[in-house]
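J.: mmCIF, C-alpha atoms, file upload-v7.cif:
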data_entry
#
loop_
_atom_site.label_atom_id
_atom_site.label_comp_id
_atom_site.auth_asym_id
_atom_site.auth_seq_id
_atom_site.Cartn_x
_atom_site.Cartn_y
_atom_site.Cartn_z
CA GLU A 1 -33.57 36.68 34.74
CA THR A 2 -33.81 33.32 33.01
CA TYR A 3 -35.43 32.40 29.71
CA ASP A 4 -36.74 29.13 28.33
CA GLU A 5 -35.54 28.36 24.83
CA PHE A 6 -37.87 26.72 22.33
CA ARG A 7 -36.20 25.76 19.07
CA LEU A 8 -38.37 25.66 15.97
CA SER A 9 -36.44 22.66 14.71
CA ASN A 10 -36.50 19.12 16.04
CA PHE A 11 -40.25 18.73 15.92
CA THR A 12 -42.73 17.45 13.34
CA GLY A 13 -44.02 20.26 11.16
CA THR A 14 -41.02 21.86 9.49
CA PRO A 15 -37.78 20.65 7.92
CA TYR A 16 -35.97 23.91 8.67
CA ASP A 17 -33.25 24.38 11.25
CA GLU A 18 -33.60 28.13 11.51
CA VAL A 19 -36.79 30.18 11.49
CA ILE A 20 -37.13 33.98 11.74
CA VAL A 21 -40.03 34.98 13.99
CA LEU A 22 -41.71 38.10 12.55
CA ASN A 23 -44.71 38.43 14.87
CA ILE A 24 -46.03 36.87 18.09
CA HIS A 25 -49.68 36.84 19.19
CA SER A 26 -51.37 35.41 22.29
CA ASP A 27 -55.01 34.42 21.75
CA PRO A 28 -57.84 34.36 24.37
CA ARG A 29 -56.99 30.70 25.14
CA ASN A 30 -53.43 31.71 26.10
CA ARG A 31 -51.94 29.95 23.11
CA ILE A 32 -49.01 31.64 21.42
CA TRP A 33 -49.06 32.02 17.64
CA LEU A 34 -45.77 32.63 15.83
CA ALA A 35 -45.66 34.31 12.43
CA THR A 36 -42.40 33.36 10.72
CA ASP A 37 -40.66 33.41 7.38
CA LYS A 38 -41.27 29.64 7.15
CA GLY A 39 -44.98 29.57 7.95
CA LEU A 40 -47.23 29.61 11.00
CA PHE A 41 -46.55 27.91 14.32
CA LEU A 42 -48.70 27.43 17.41
CA PHE A 43 -47.30 26.96 20.91
CA ASP A 44 -49.57 25.66 23.67
CA GLU A 45 -47.96 26.65 26.96
CA SER A 46 -50.15 24.27 28.97
CA THR A 47 -48.76 21.24 27.11
CA SER A 48 -45.46 22.74 25.88
CA LEU A 49 -46.49 21.45 22.44
CA LEU A 50 -45.28 23.35 19.38
CA THR A 51 -47.16 22.72 16.13
CA GLY A 52 -46.29 23.81 12.60
CA PHE A 53 -48.97 24.25 9.95
CA SER A 54 -47.45 22.46 6.99
CA GLU A 55 -50.37 20.65 5.38
CA SER A 56 -50.56 20.81 1.61
CA GLY A 57 -53.32 22.43 -0.38
CA GLU A 58 -54.34 25.79 -1.83
CA ASN A 59 -54.42 27.53 1.55
CA SER A 60 -51.30 25.91 2.98
CA LEU A 61 -48.94 28.05 5.05
CA HIS A 62 -45.96 25.77 4.49
CA GLU A 63 -42.96 27.93 3.50
CA SER A 64 -45.18 31.04 3.35
CA ILE A 65 -43.97 34.28 4.94
CA VAL A 66 -46.52 35.17 7.62
CA SER A 67 -46.27 38.87 8.44
CA SER A 68 -49.06 39.60 10.94
CA LEU A 69 -51.48 37.93 13.36
CA ASN A 70 -54.52 38.94 15.34
CA SER A 71 -57.52 37.32 17.07
CA ASP A 72 -60.98 38.89 17.11
CA ALA A 73 -63.72 38.86 19.75
CA PHE A 74 -65.20 35.71 18.18
CA GLY A 75 -62.06 33.64 18.62
CA ASN A 76 -61.00 33.70 14.97
CA ILE A 77 -57.32 34.07 14.07
CA TRP A 78 -56.58 36.47 11.20
CA ILE A 79 -53.33 35.75 9.36
CA GLY A 80 -51.63 38.16 6.98
CA THR A 81 -49.16 36.66 4.52
CA TYR A 82 -46.87 37.90 1.75
CA SER A 83 -47.99 35.49 -0.97
CA ASN A 84 -51.19 33.76 0.18
CA GLY A 85 -53.25 36.88 0.89
CA LEU A 86 -55.36 37.02 4.04
CA LEU A 87 -56.29 33.82 5.87
CA LYS A 88 -58.84 33.27 8.62
CA TYR A 89 -58.54 30.35 11.07
CA GLU A 90 -61.82 29.28 12.70
CA GLU A 91 -60.69 26.36 14.89
CA LYS A 92 -61.23 23.97 12.00
CA SER A 93 -58.83 21.76 10.11
CA TYR A 94 -58.39 24.29 7.32
CA PHE A 95 -57.80 27.98 6.66
CA ARG A 96 -60.31 30.19 4.88
CA SER A 97 -58.56 32.24 2.22
CA VAL A 98 -59.70 35.77 1.41
CA ARG A 99 -58.56 36.70 -2.09
CA SER A 100 -57.77 40.12 -3.50
CA SER A 101 -59.30 41.84 -6.52
CA LEU A 102 -58.83 45.16 -8.29
CA SER A 103 -62.42 45.31 -9.55
CA ASP A 104 -64.48 43.66 -6.79
CA ASN A 105 -64.95 45.71 -3.61
CA SER A 106 -66.25 42.63 -1.78
CA LYS A 107 -62.69 41.22 -1.88
CA ILE A 108 -59.62 42.68 -0.24
CA THR A 109 -57.30 45.12 -1.99
CA PRO A 110 -54.09 43.58 -3.43
CA GLY A 111 -50.87 43.33 -1.46
CA TRP A 112 -49.77 41.85 1.83
CA VAL A 113 -51.50 42.44 5.17
CA ASN A 114 -49.18 43.81 7.83
CA VAL A 115 -51.48 44.95 10.65
CA PHE A 116 -54.94 44.25 12.09
CA PHE A 117 -57.22 46.33 14.30
CA GLU A 118 -60.56 45.37 15.88
CA SER A 119 -62.84 48.32 16.66
CA LEU A 120 -65.27 48.49 19.57
CA ASN A 121 -68.16 47.04 17.54
CA GLY A 122 -66.12 44.03 16.43
CA THR A 123 -65.26 45.27 12.95
CA VAL A 124 -61.82 44.02 11.89
CA TRP A 125 -59.78 46.55 9.89
CA PHE A 126 -56.68 45.58 7.91
CA PRO A 127 -54.67 47.50 5.30
CA THR A 128 -52.65 46.03 2.46
CA SER A 129 -49.34 47.27 1.03
CA GLY A 130 -47.09 46.62 -1.93
CA PHE A 131 -49.25 47.72 -4.88
CA GLY A 132 -49.12 51.49 -4.44
CA ILE A 133 -52.50 53.23 -4.55
CA GLU A 134 -54.16 49.99 -5.68
CA SER A 135 -53.59 48.57 -2.20
CA GLY A 136 -55.85 49.97 0.47
CA LEU A 137 -57.89 49.60 3.64
CA ASN A 138 -60.32 46.74 4.25
CA LYS A 139 -62.89 45.87 6.88
CA THR A 140 -65.09 42.90 7.77
CA ASP A 141 -68.58 43.10 9.27
CA PRO A 142 -68.59 41.06 12.53
CA GLN A 143 -72.14 39.81 12.01
CA THR A 144 -72.22 38.98 8.30
CA GLY A 145 -68.53 38.46 7.56
CA ILE A 146 -68.92 40.70 4.50
CA ILE A 147 -65.72 42.40 3.38
CA SER A 148 -65.59 45.99 2.14
CA SER A 149 -62.43 47.31 0.49
CA TYR A 150 -61.27 50.88 -0.08
CA PRO A 151 -58.25 51.38 -2.38
CA TYR A 152 -55.96 54.21 -1.32
CA SER A 153 -56.81 55.97 -4.59
CA GLU A 154 -60.44 56.26 -3.45
CA LEU A 155 -59.68 57.45 0.08
CA ILE A 156 -57.26 60.32 -0.55
CA ASP A 157 -54.69 60.95 -3.28
CA TYR A 158 -51.50 60.88 -1.21
CA LEU A 159 -52.44 58.27 1.41
CA TYR A 160 -50.76 54.89 1.07
CA GLY A 161 -48.88 52.36 3.15
CA ILE A 162 -50.83 52.14 6.43
CA SER A 163 -48.48 50.67 9.03
CA ASP A 164 -50.64 50.97 12.16
CA ILE A 165 -54.27 51.65 13.21
CA ASP A 166 -55.55 52.87 16.57
CA LEU A 167 -58.78 54.19 18.08
CA LEU A 168 -59.17 57.96 18.18
CA SER A 169 -62.85 58.06 19.19
CA ASP A 170 -65.99 55.92 18.81
CA THR A 171 -66.29 56.77 15.12
CA ASN A 172 -62.72 57.76 14.24
CA LEU A 173 -59.53 55.80 13.69
CA ILE A 174 -56.02 57.17 13.49
CA LEU A 175 -53.89 55.82 10.65
CA SER A 176 -50.09 55.77 10.81
CA THR A 177 -48.85 55.83 7.20
CA PHE A 178 -45.87 56.31 4.94
CA THR A 179 -46.98 59.94 4.50
CA GLY A 180 -47.87 60.99 8.05
CA LEU A 181 -50.90 60.64 10.35
CA PHE A 182 -54.51 60.60 9.13
CA ASN A 183 -57.95 60.56 10.72
CA LEU A 184 -60.53 58.12 9.30
CA ASN A 185 -64.22 58.70 10.02
CA THR A 186 -65.64 55.16 10.00
CA GLU A 187 -69.21 56.30 9.29
CA SER A 188 -68.50 58.42 6.21
CA MET A 189 -65.17 56.72 5.29
CA SER A 190 -63.70 60.19 4.84
CA VAL A 191 -60.02 60.78 5.51
CA SER A 192 -58.30 63.95 6.71
CA ARG A 193 -54.70 64.71 7.57
CA ILE A 194 -53.68 65.20 11.20
CA GLU A 195 -51.30 68.13 11.45
CA THR A 196 -47.97 67.28 13.08
CA PRO A 197 -46.04 70.54 13.62
CA GLY A 198 -42.35 70.15 12.87
CA ILE A 199 -42.80 67.03 10.75
CA PRO A 200 -42.99 67.40 6.94
CA ASP A 201 -46.50 66.65 5.69
CA THR A 202 -45.70 64.08 3.02
CA SER A 203 -42.26 62.73 3.86
CA ALA A 204 -42.71 61.28 7.35
CA LEU A 205 -42.98 57.49 7.55
CA ILE A 206 -44.78 56.81 10.84
CA ASN A 207 -44.64 53.12 11.78
CA ARG A 208 -46.46 53.22 15.12
CA TYR A 209 -48.74 55.58 17.00
CA TYR A 210 -49.42 55.43 20.75
CA LYS A 211 -51.89 57.42 22.81
CA ASP A 212 -51.00 57.80 26.49
CA ARG A 213 -53.35 58.19 29.46
CA LEU A 214 -53.30 61.99 29.12
CA GLY A 215 -54.54 61.78 25.53
#
Now, as a test, write the supplied structure out as structure tokens.
T.:
Amino acid sequence: ETYDEFRLSNFTGTPYDEVIVLNIHSDPRNRIWLATDKGLFLFDESTSLLTGFSESGENSLHESIVSSLNSDAFGNIWIGTYSNGLLKYEEKSYFRSVRSSLSDNSKITPGWVNVFFESLNGTVWFPTSGFGIESGLNKTDPQTGIISSYPYSELIDYLYGISDIDLLSDTNLILSTFTGLFNLNTESMSVSRIETPGIPDTSALINRYYKDRLG
């Protein structure tokens, strides 16, 4: 097999010679987004053009560590960062920043965003990490754009550090966490532990969960 090499140096958009790619995402337009430790990059395969987002300003991604990427059904790009919070790219010349707050449930919980999940109705779910039980799970309404946040302390005492989200049923999500697997009912926002025989209840860090064709 052969591979094409694309160096993230030698192009306008970053002064760095070496960049660590942390996440790769392909959007509905077949463009490839690169989350790196030196910011966000966009590769258009049709033109072989690689672009770095390095503009200045409050919501700049220049030198920011970008940890996660996802696109929703409306074509928006959701960008999780370590220091700039959550950003939303809407095919405009700027990023919309979503700030965190400990007291306002209409803003996201504090911490960095490391995973996104879009449910069947278009709701985008994203957890935050790094602030213990003050971090939590967040969701956005696809029609209104309203954000609702749920600190881990309000969901269940020993749930924190969600590393992955997947669909369990129409109204239930499965959460992979630092303390095992949990079931989230999206209608009642109630959380219950999923028993995993042979794995200690509170000491298993589960990074990813996969459901095969047999269920």
J.: Could you tell me which residues the PyMOL selection byres ((chain A and resi 137-148) around 10) returns for this structure, as a PyMOL selection string?
T.: chain A and resi 72-74+98+104-109+113+116-118+121-129+135-136+149-152+155+160-162
J.: Which polymer residues have any atom within 10 Å of an atom of Ser190 of chain A, counting all atoms listed in the file, with same-chain residues fewer than 3 positions away left out, as an MDAnalysis selection string?
T.: chainID A and resid 154:156 172 183:187
J.: Taking all atoms listed in the file into account, which of A:Asn70, A:Pro110, A:Pro197, A:Phe53 comes nearest Ile24 of chain A?
T.: A:Asn70
J.: In Å, with one decimal, what is the gap from atom CA of Val21 of chain A to atom CA of Leu34 of chain A?
T.: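 That distance, rounded to one decimal, is 6.5 Å.
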J.: Atom CA of Asn114 of chain A to atom CA of Leu49 of chain A: how many Å, to one decimal?
T.: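 Atom CA of Leu49 of chain A lies at a distance of 26.8 Å from atom CA of Asn114 of chain A.
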J.: Could you jot down the atom CA of Met189 of chain A to atom CA of Asp170 of chain A separation for me, Å, one decimal place?
T.: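 Between these atoms lies a distance of 13.6 Å.
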J.: Take the PyMOL selection byres ((chain A and resi 35-44) around 6), run it mentally on this structure, and tell me the resulting residues as a PyMOL selection string.
T.: chain A and resi 20-23+31-34+45-53+61-66
J.: Might you pull out every residue within 10 Å of Phe182 of chain A, with all atoms listed in the file counted and same-chain residues fewer than 3 positions away left off, and present them as a VMD selection string?
T.: chain A and resid 159 162 165 173 to 177 179 185 191 to 195
J.: I need the output of the PyMOL selection byres ((chain A and resi 79) around 7) for this file as a PDB file with C-alpha atoms, keeping the file's coordinate frame; which residues are they?
T.:
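As a result, part35.pdb now contains:
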ATOM      1  CA  SER A  68     -49.060  39.600  10.940  1.00  0.00           C
ATOM      2  CA  LEU A  69     -51.480  37.930  13.360  1.00  0.00           C
ATOM      3  CA  ASN A  70     -54.520  38.940  15.340  1.00  0.00           C
ATOM      4  CA  ILE A  77     -57.320  34.070  14.070  1.00  0.00           C
ATOM      5  CA  TRP A  78     -56.580  36.470  11.200  1.00  0.00           C
ATOM      6  CA  GLY A  80     -51.630  38.160   6.980  1.00  0.00           C
ATOM      7  CA  THR A  81     -49.160  36.660   4.520  1.00  0.00           C
ATOM      8  CA  LEU A  86     -55.360  37.020   4.040  1.00  0.00           C
ATOM      9  CA  LEU A  87     -56.290  33.820   5.870  1.00  0.00           C
ATOM     10  CA  LYS A  88     -58.840  33.270   8.620  1.00  0.00           C
TER      11      LYS A  88
END
